[in-house]
$ cat start_31.txt   # compact mmCIF, C-alpha atoms and all ligand atoms
# COMPACT_ATOMS: atom_id res chain seq x y z
CA MET A 8 0.00 0.00 0.00
CA ASN A 9 1.22 3.52 -0.80
CA ARG A 10 2.16 5.71 2.16
CA PRO A 11 0.70 9.22 2.34
CA PRO A 12 3.12 11.43 0.38
CA ALA A 13 3.47 13.94 3.23
CA VAL A 14 5.00 11.42 5.63
CA ALA A 15 7.66 9.61 3.64
CA PRO A 16 9.65 12.66 2.42
CA VAL A 17 9.86 14.14 5.94
CA ARG A 18 11.22 10.90 7.36
CA LEU A 19 13.60 10.50 4.44
CA GLY A 20 14.71 14.09 4.80
CA TRP A 21 15.60 13.60 8.44
CA ARG A 22 17.64 10.48 7.74
CA ARG A 23 19.36 12.05 4.76
CA ARG A 24 20.25 15.09 6.81
CA LEU A 25 21.81 12.94 9.50
CA ALA A 26 23.75 10.92 6.93
CA GLU A 27 24.91 14.17 5.34
CA ASP A 28 26.10 15.49 8.70
CA LEU A 29 28.11 12.34 9.32
CA ARG A 30 29.61 12.38 5.81
CA THR A 31 30.55 16.03 6.27
CA ALA A 32 32.25 15.41 9.61
CA ALA A 33 34.10 12.37 8.24
CA SER A 34 35.37 14.33 5.26
CA ARG A 35 36.39 17.34 7.36
CA ASP A 36 38.24 15.54 10.14
CA PRO A 37 40.97 13.10 9.10
CA ALA A 38 41.02 11.79 12.69
CA ALA A 39 37.49 10.40 12.38
CA ARG A 40 37.53 6.59 12.33
CA SER A 41 33.89 5.45 12.22
CA ARG A 42 30.28 6.64 12.16
CA LEU A 43 29.83 5.40 15.70
CA GLU A 44 32.75 7.51 16.87
CA LEU A 45 31.26 10.52 15.12
CA VAL A 46 27.85 10.03 16.70
CA LEU A 47 29.25 9.49 20.20
CA ALA A 48 32.32 11.70 20.45
CA TYR A 49 31.90 14.78 18.25
CA PRO A 50 30.59 17.79 20.18
CA GLY A 51 30.33 19.78 16.95
CA LEU A 52 27.71 17.33 15.72
CA HIS A 53 25.87 17.24 19.05
CA ALA A 54 25.77 21.04 19.11
CA LEU A 55 24.43 21.19 15.55
CA TRP A 56 21.68 18.66 16.21
CA LEU A 57 20.55 20.39 19.41
CA HIS A 58 20.68 23.75 17.64
CA ARG A 59 18.39 22.52 14.87
CA LEU A 60 15.80 21.64 17.48
CA ALA A 61 16.28 24.91 19.38
CA HIS A 62 16.01 26.89 16.12
CA ARG A 63 12.69 25.26 15.25
CA MET A 64 11.42 26.08 18.74
CA TRP A 65 12.63 29.68 18.38
CA ALA A 66 10.32 30.11 15.38
CA ARG A 67 7.34 29.69 17.75
CA PRO A 68 7.10 32.68 20.10
CA GLY A 69 5.60 30.59 22.92
CA LEU A 70 8.66 28.32 22.92
CA ARG A 71 11.37 30.95 22.93
CA LEU A 72 12.32 30.54 26.58
CA ALA A 73 12.42 26.77 26.12
CA ALA A 74 14.62 27.28 23.06
CA ARG A 75 17.01 29.41 25.12
CA LEU A 76 17.11 26.77 27.83
CA LEU A 77 17.88 24.08 25.27
CA SER A 78 20.70 26.19 23.88
CA HIS A 79 21.96 26.63 27.46
CA VAL A 80 21.98 22.85 27.95
CA ASN A 81 23.72 22.52 24.58
CA ARG A 82 26.45 24.87 25.81
CA ALA A 83 26.88 22.94 29.06
CA LEU A 84 27.17 19.64 27.17
CA THR A 85 29.38 20.71 24.27
CA GLY A 86 31.09 23.99 25.22
CA ILE A 87 29.52 25.49 22.08
CA GLU A 88 27.11 28.39 22.42
CA ILE A 89 24.73 28.90 19.50
CA HIS A 90 21.84 31.29 19.97
CA PRO A 91 18.64 29.57 18.83
CA GLY A 92 17.92 32.44 16.44
CA ALA A 93 21.10 31.87 14.42
CA VAL A 94 20.50 30.56 10.90
CA ILE A 95 22.83 27.72 9.91
CA GLY A 96 23.09 26.10 6.49
CA ARG A 97 23.74 22.54 5.37
CA ARG A 98 26.96 20.56 5.82
CA PHE A 99 28.10 22.82 8.66
CA PHE A 100 30.89 21.43 10.79
CA ILE A 101 32.55 22.64 13.99
CA ASP A 102 35.78 20.81 14.76
CA HIS A 103 36.65 20.39 18.46
CA GLY A 104 34.12 23.07 19.29
CA MET A 105 34.99 24.26 22.77
CA GLY A 106 34.54 28.01 23.13
CA VAL A 107 32.61 28.64 19.90
CA VAL A 108 30.03 31.44 20.23
CA ILE A 109 27.46 32.17 17.49
CA GLY A 110 25.18 35.16 18.05
CA GLU A 111 21.46 35.56 17.52
CA THR A 112 21.49 37.25 14.12
CA ALA A 113 24.41 35.35 12.62
CA VAL A 114 23.74 33.71 9.26
CA VAL A 115 25.91 30.80 8.15
CA GLY A 116 25.71 29.43 4.60
CA ASP A 117 26.29 25.89 3.34
CA ASP A 118 29.61 24.00 3.65
CA VAL A 119 30.99 26.27 6.37
CA MET A 120 33.56 25.01 8.85
CA LEU A 121 34.61 26.51 12.18
CA TYR A 122 37.32 25.43 14.57
CA HIS A 123 37.24 25.81 18.32
CA GLY A 124 37.22 29.22 19.95
CA VAL A 125 35.56 31.03 17.04
CA THR A 126 33.26 33.96 17.84
CA LEU A 127 30.61 35.20 15.42
CA GLY A 128 29.72 38.12 17.60
CA GLY A 129 28.20 41.58 17.72
CA ARG A 130 29.98 44.88 18.08
CA SER A 131 27.14 46.92 19.48
CA SER A 132 24.25 46.41 21.84
CA SER A 133 21.69 47.74 19.38
CA ARG A 134 18.96 45.37 18.25
CA GLY A 135 18.54 44.13 14.70
CA LYS A 136 21.12 42.40 12.52
CA ARG A 137 24.38 42.81 14.41
CA HIS A 138 26.24 39.54 13.83
CA PRO A 139 28.18 38.37 10.76
CA THR A 140 27.01 36.56 7.66
CA LEU A 141 29.27 33.77 6.42
CA GLU A 142 28.61 32.83 2.81
CA ASP A 143 28.94 29.30 1.46
CA GLY A 144 32.22 27.48 1.83
CA VAL A 145 33.84 29.77 4.42
CA THR A 146 36.42 28.29 6.82
CA VAL A 147 37.25 30.04 10.10
CA GLY A 148 40.41 29.05 11.99
CA ALA A 149 40.73 28.42 15.69
CA GLY A 150 40.23 31.41 17.97
CA ALA A 151 39.20 33.83 15.21
CA ARG A 152 36.71 36.59 16.03
CA ILE A 153 34.37 37.91 13.38
CA LEU A 154 32.49 40.85 14.76
CA GLY A 155 29.58 42.96 13.58
CA ASN A 156 27.10 42.88 10.72
CA ILE A 157 29.71 42.08 8.07
CA THR A 158 29.86 39.51 5.29
CA ILE A 159 32.58 36.96 4.77
CA GLY A 160 32.43 36.15 1.07
CA ALA A 161 31.98 32.67 -0.33
CA GLY A 162 34.98 30.41 -0.04
CA ALA A 163 36.99 32.85 2.09
CA GLN A 164 39.33 31.59 4.80
CA VAL A 165 39.83 33.37 8.09
CA GLY A 166 43.13 32.48 9.75
CA ALA A 167 43.49 31.26 13.29
CA ASN A 168 43.23 34.08 15.85
CA ALA A 169 42.34 36.76 13.30
CA VAL A 170 40.00 39.57 14.35
CA VAL A 171 37.80 40.62 11.44
CA VAL A 172 35.45 43.60 11.58
CA LYS A 173 35.02 44.47 7.90
CA ASP A 174 33.60 42.65 4.89
CA VAL A 175 35.87 40.05 3.32
CA PRO A 176 35.73 39.42 -0.44
CA PRO A 177 34.90 35.94 -1.75
CA GLY A 178 37.85 33.58 -1.87
CA ALA A 179 40.15 35.80 0.20
CA VAL A 180 42.46 34.62 2.99
CA VAL A 181 42.39 36.95 5.99
CA VAL A 182 44.92 36.82 8.81
CA GLY A 183 46.03 38.86 11.79
CA ILE A 184 44.78 41.61 14.04
CA PRO A 185 43.38 43.67 12.50
CA GLY A 186 42.37 41.24 9.80
CA ARG A 187 44.12 41.76 6.44
CA VAL A 188 43.65 40.01 3.14
CA ARG A 189 46.78 37.99 2.46
CA GLY A 190 48.34 37.52 -0.96
CA THR A 191 47.34 40.86 -2.45
CA GLY A 192 50.83 42.37 -2.49
CA GLY A 193 51.36 43.37 1.10
CA GLY A 194 47.81 42.95 2.32
CA GLU A 195 44.73 45.10 2.21
CA ASP A 196 43.69 46.54 5.53
CA LEU A 197 40.14 45.42 6.25
CA VAL A 198 39.65 47.42 9.35
CA ASP A 199 37.73 50.65 9.57
CA PRO A 200 40.35 53.05 11.00
CA ALA A 201 37.71 54.59 13.28
CA LEU A 202 37.64 51.31 15.20
CA LEU A 203 41.29 51.57 16.07
CA ILE A 204 40.91 54.81 18.02
C1 LIG A 301 45.19 31.35 7.32
C2 LIG A 301 45.39 29.96 6.76
C3 LIG A 301 44.07 29.42 6.20
C4 LIG A 301 46.42 30.08 5.63
O1 LIG A 301 46.79 28.83 5.17
P1 LIG A 301 47.83 28.73 3.92
O2 LIG A 301 47.25 29.41 2.73
O3 LIG A 301 48.18 27.28 3.77
O4 LIG A 301 49.03 29.60 4.41
P2 LIG A 301 50.58 29.18 4.67
O5 LIG A 301 50.65 28.18 5.77
O6 LIG A 301 51.18 28.83 3.35
O7 LIG A 301 51.19 30.54 5.22
C5 LIG A 301 51.38 31.66 4.38
C6 LIG A 301 51.75 32.85 5.20
O8 LIG A 301 50.67 33.24 6.08
C7 LIG A 301 51.11 33.23 7.45
N1 LIG A 301 49.98 32.73 8.25
C8 LIG A 301 49.37 31.54 8.12
N2 LIG A 301 48.38 31.44 9.00
C9 LIG A 301 48.37 32.58 9.72
C10 LIG A 301 47.58 33.07 10.78
N3 LIG A 301 46.56 32.34 11.28
N4 LIG A 301 47.83 34.30 11.28
C11 LIG A 301 48.86 35.04 10.77
N5 LIG A 301 49.64 34.63 9.75
C12 LIG A 301 49.39 33.41 9.23
C13 LIG A 301 52.32 32.30 7.43
O9 LIG A 301 53.18 32.56 8.49
C14 LIG A 301 52.93 32.61 6.10
O10 LIG A 301 53.61 33.84 6.22
P3 LIG A 301 54.92 34.16 5.31
O11 LIG A 301 54.43 34.16 3.88
O12 LIG A 301 55.34 35.52 5.79
O13 LIG A 301 55.88 33.07 5.61
C15 LIG A 301 45.88 28.96 7.83
O14 LIG A 301 47.24 29.17 8.18
C16 LIG A 301 45.02 28.97 9.11
O15 LIG A 301 45.19 29.80 10.00
N6 LIG A 301 44.12 27.99 9.18
C17 LIG A 301 43.33 27.71 10.36
C18 LIG A 301 43.73 26.35 10.86
C19 LIG A 301 43.20 26.06 12.26
O16 LIG A 301 42.58 26.84 12.92
N7 LIG A 301 43.50 24.85 12.68
C20 LIG A 301 43.07 24.38 13.95
C21 LIG A 301 43.21 22.88 13.96
S1 LIG A 301 42.84 22.24 15.52
$ encode --input "start_31.txt" --output "structure tokens"
Amino acid sequence: MNRPPAVAPVRLGWRRRLAEDLRTAASRDPAARSRLELVLAYPGLHALWLHRLAHRMWARPGLRLAARLLSHVNRALTGIEIHPGAVIGRRFFIDHGMGVVIGETAVVGDDVMLYHGVTLGGRSSSRGKRHPTLEDGVTVGAGARILGNITIGAGAQVGANAVVVKDVPPGAVVVGIPGRVRGTGGGEDLVDPALLI
């Protein structure tokens, strides 16, 4: 007998998503040995799965406090703090994870990877969009801080411990404090001089 069309795709979607997460983690981390190891011992995956639930709850105003509490539990379990309002794309992976902070209005595209200690934070206490947007394929090294409502272009790489407060063009490699695009003949300063005062 045929199943109702509304049920099967949802179930399939959930399983496919999980399989995709595991494939992504396996391809991103050469230390990964098996699917079981990934499921049991990868806080980046646990944080992502709990965030997906918290994000769905956040969409329902009556569940917002519960969503915050779930994100709080997520942080206690994984060391990764993701505000339930943050929008995260497919095939996202956080390696190691401890100390990652992702703010409420951050937007993360597909195929993005973060290492531990990364902050996608705000630079002001005003409401509205105040956290960064990371386009598809961005990689952010350990300890890097990306602050404010800026855009990191598709495929860009942010070096470990960089502090970035201005837009980064697609495909660029940014290192240092303040963040500078590397490989453009001495480096283009990305930082608004007003911020250095
Ligand atoms: C920025 C990064 C992506 C560049 O990688 P790459 O293109 O292979 O660069 P290279 O290693 O060839 O280094 C090129 C130059 O950039 C410098 N550089 C590399 N990474 C840097 C960083 N994070 N901050 C400052 N300078 C950096 C190198 O010293 C070198 O300088 P030189 O040309 O004066 O000798 C990479 O170094 C990085 O930081 N990746 C994050 C990795 C990470 O967080 N790993 C955590 C694993 S647990």
$ atom_distance --input "start_31.txt" --atom1 "atom N4 of ligand LIG 301 (chain A)" --atom2 "atom CA of Gly110 of chain A"
23.7 Å
$ residues_around --input "start_31.txt" --residues "Gly160 of chain A" --least-positions-apart "3" --cutoff "10 Å" --atoms "all atoms listed in the file" --output "list in words"
Thr140, Leu141, Glu142, Asp143, Gly144, Val145, Ile157, Ala163, Gln164, Asp174, Val175, Pro176, Pro177, Gly178 and Ala179 of chain A
$ atom_distance --input "start_31.txt" --atom1 "atom CA of Arg189 of chain A" --atom2 "atom O2 of ligand LIG 301 (chain A)"
8.6 Å
$ atom_distance --input "start_31.txt" --atom1 "atom CA of Thr146 of chain A" --atom2 "atom C14 of ligand LIG 301 (chain A)"
17.1 Å
$ residues_near_ligand --input "start_31.txt" --ligand "ligand LIG 301 (chain A)" --cutoff "12 Å" --atoms "only C-alpha atoms and all ligand atoms" --output "ChimeraX atom specification"
/A:35-38,101-105,120-125,145-152,162-171,178-194
$ residues_near_point --input "start_31.txt" --point "(25.8, 12.8, 12.0)" --cutoff "7 Å" --atoms "all atoms listed in the file" --output "list in words"
Leu25, Ala26, Glu27, Asp28, Leu29, Leu45, Val46 and Leu52 of chain A
$ residues_around --input "start_31.txt" --residues "Arg98 of chain A" --least-positions-apart "2" --cutoff "8 Å" --atoms "only C-alpha atoms" --output "ChimeraX atom specification"
/A:27-28,31,96,100,117-119
$ axis_aligned_box --input "start_31.txt" --around "segment 167-185 of chain A" --padding-each-side "3 Å" --output "AutoDock Vina command-line options"
--center_x 39.8 --center_y 37.9 --center_z 7.0 --size_x 18.4 --size_y 19.2 --size_z 23.7
$ closest_residue --input "start_31.txt" --among "A:Pro68, A:Pro139, A:Gly155, A:Gly129" --to "Ile95 of chain A" --atoms "all atoms listed in the file"
A:Pro139
$ closest_residue --input "start_31.txt" --among "A:Ser41, A:Val108, A:Leu154, A:Ser132" --to "Gly86 of chain A" --atoms "only C-alpha atoms"
A:Val108
$ residues_near_point --input "start_31.txt" --point "(26.5, 19.1, 17.3)" --cutoff "9 Å" --atoms "all atoms listed in the file" --output "ChimeraX atom specification"
/A:49-58,81,85,87,100-101,104
$ closest_residue --input "start_31.txt" --among "A:Gly69, A:Gly135, A:Gly128, A:Gly20" --to "Val107 of chain A" --atoms "all atoms listed in the file"
A:Gly128
$ closest_residue --input "start_31.txt" --among "A:Leu47, A:His62, A:Asn156, A:Val80" --to "Thr112 of chain A" --atoms "only C-alpha atoms"
A:Asn156
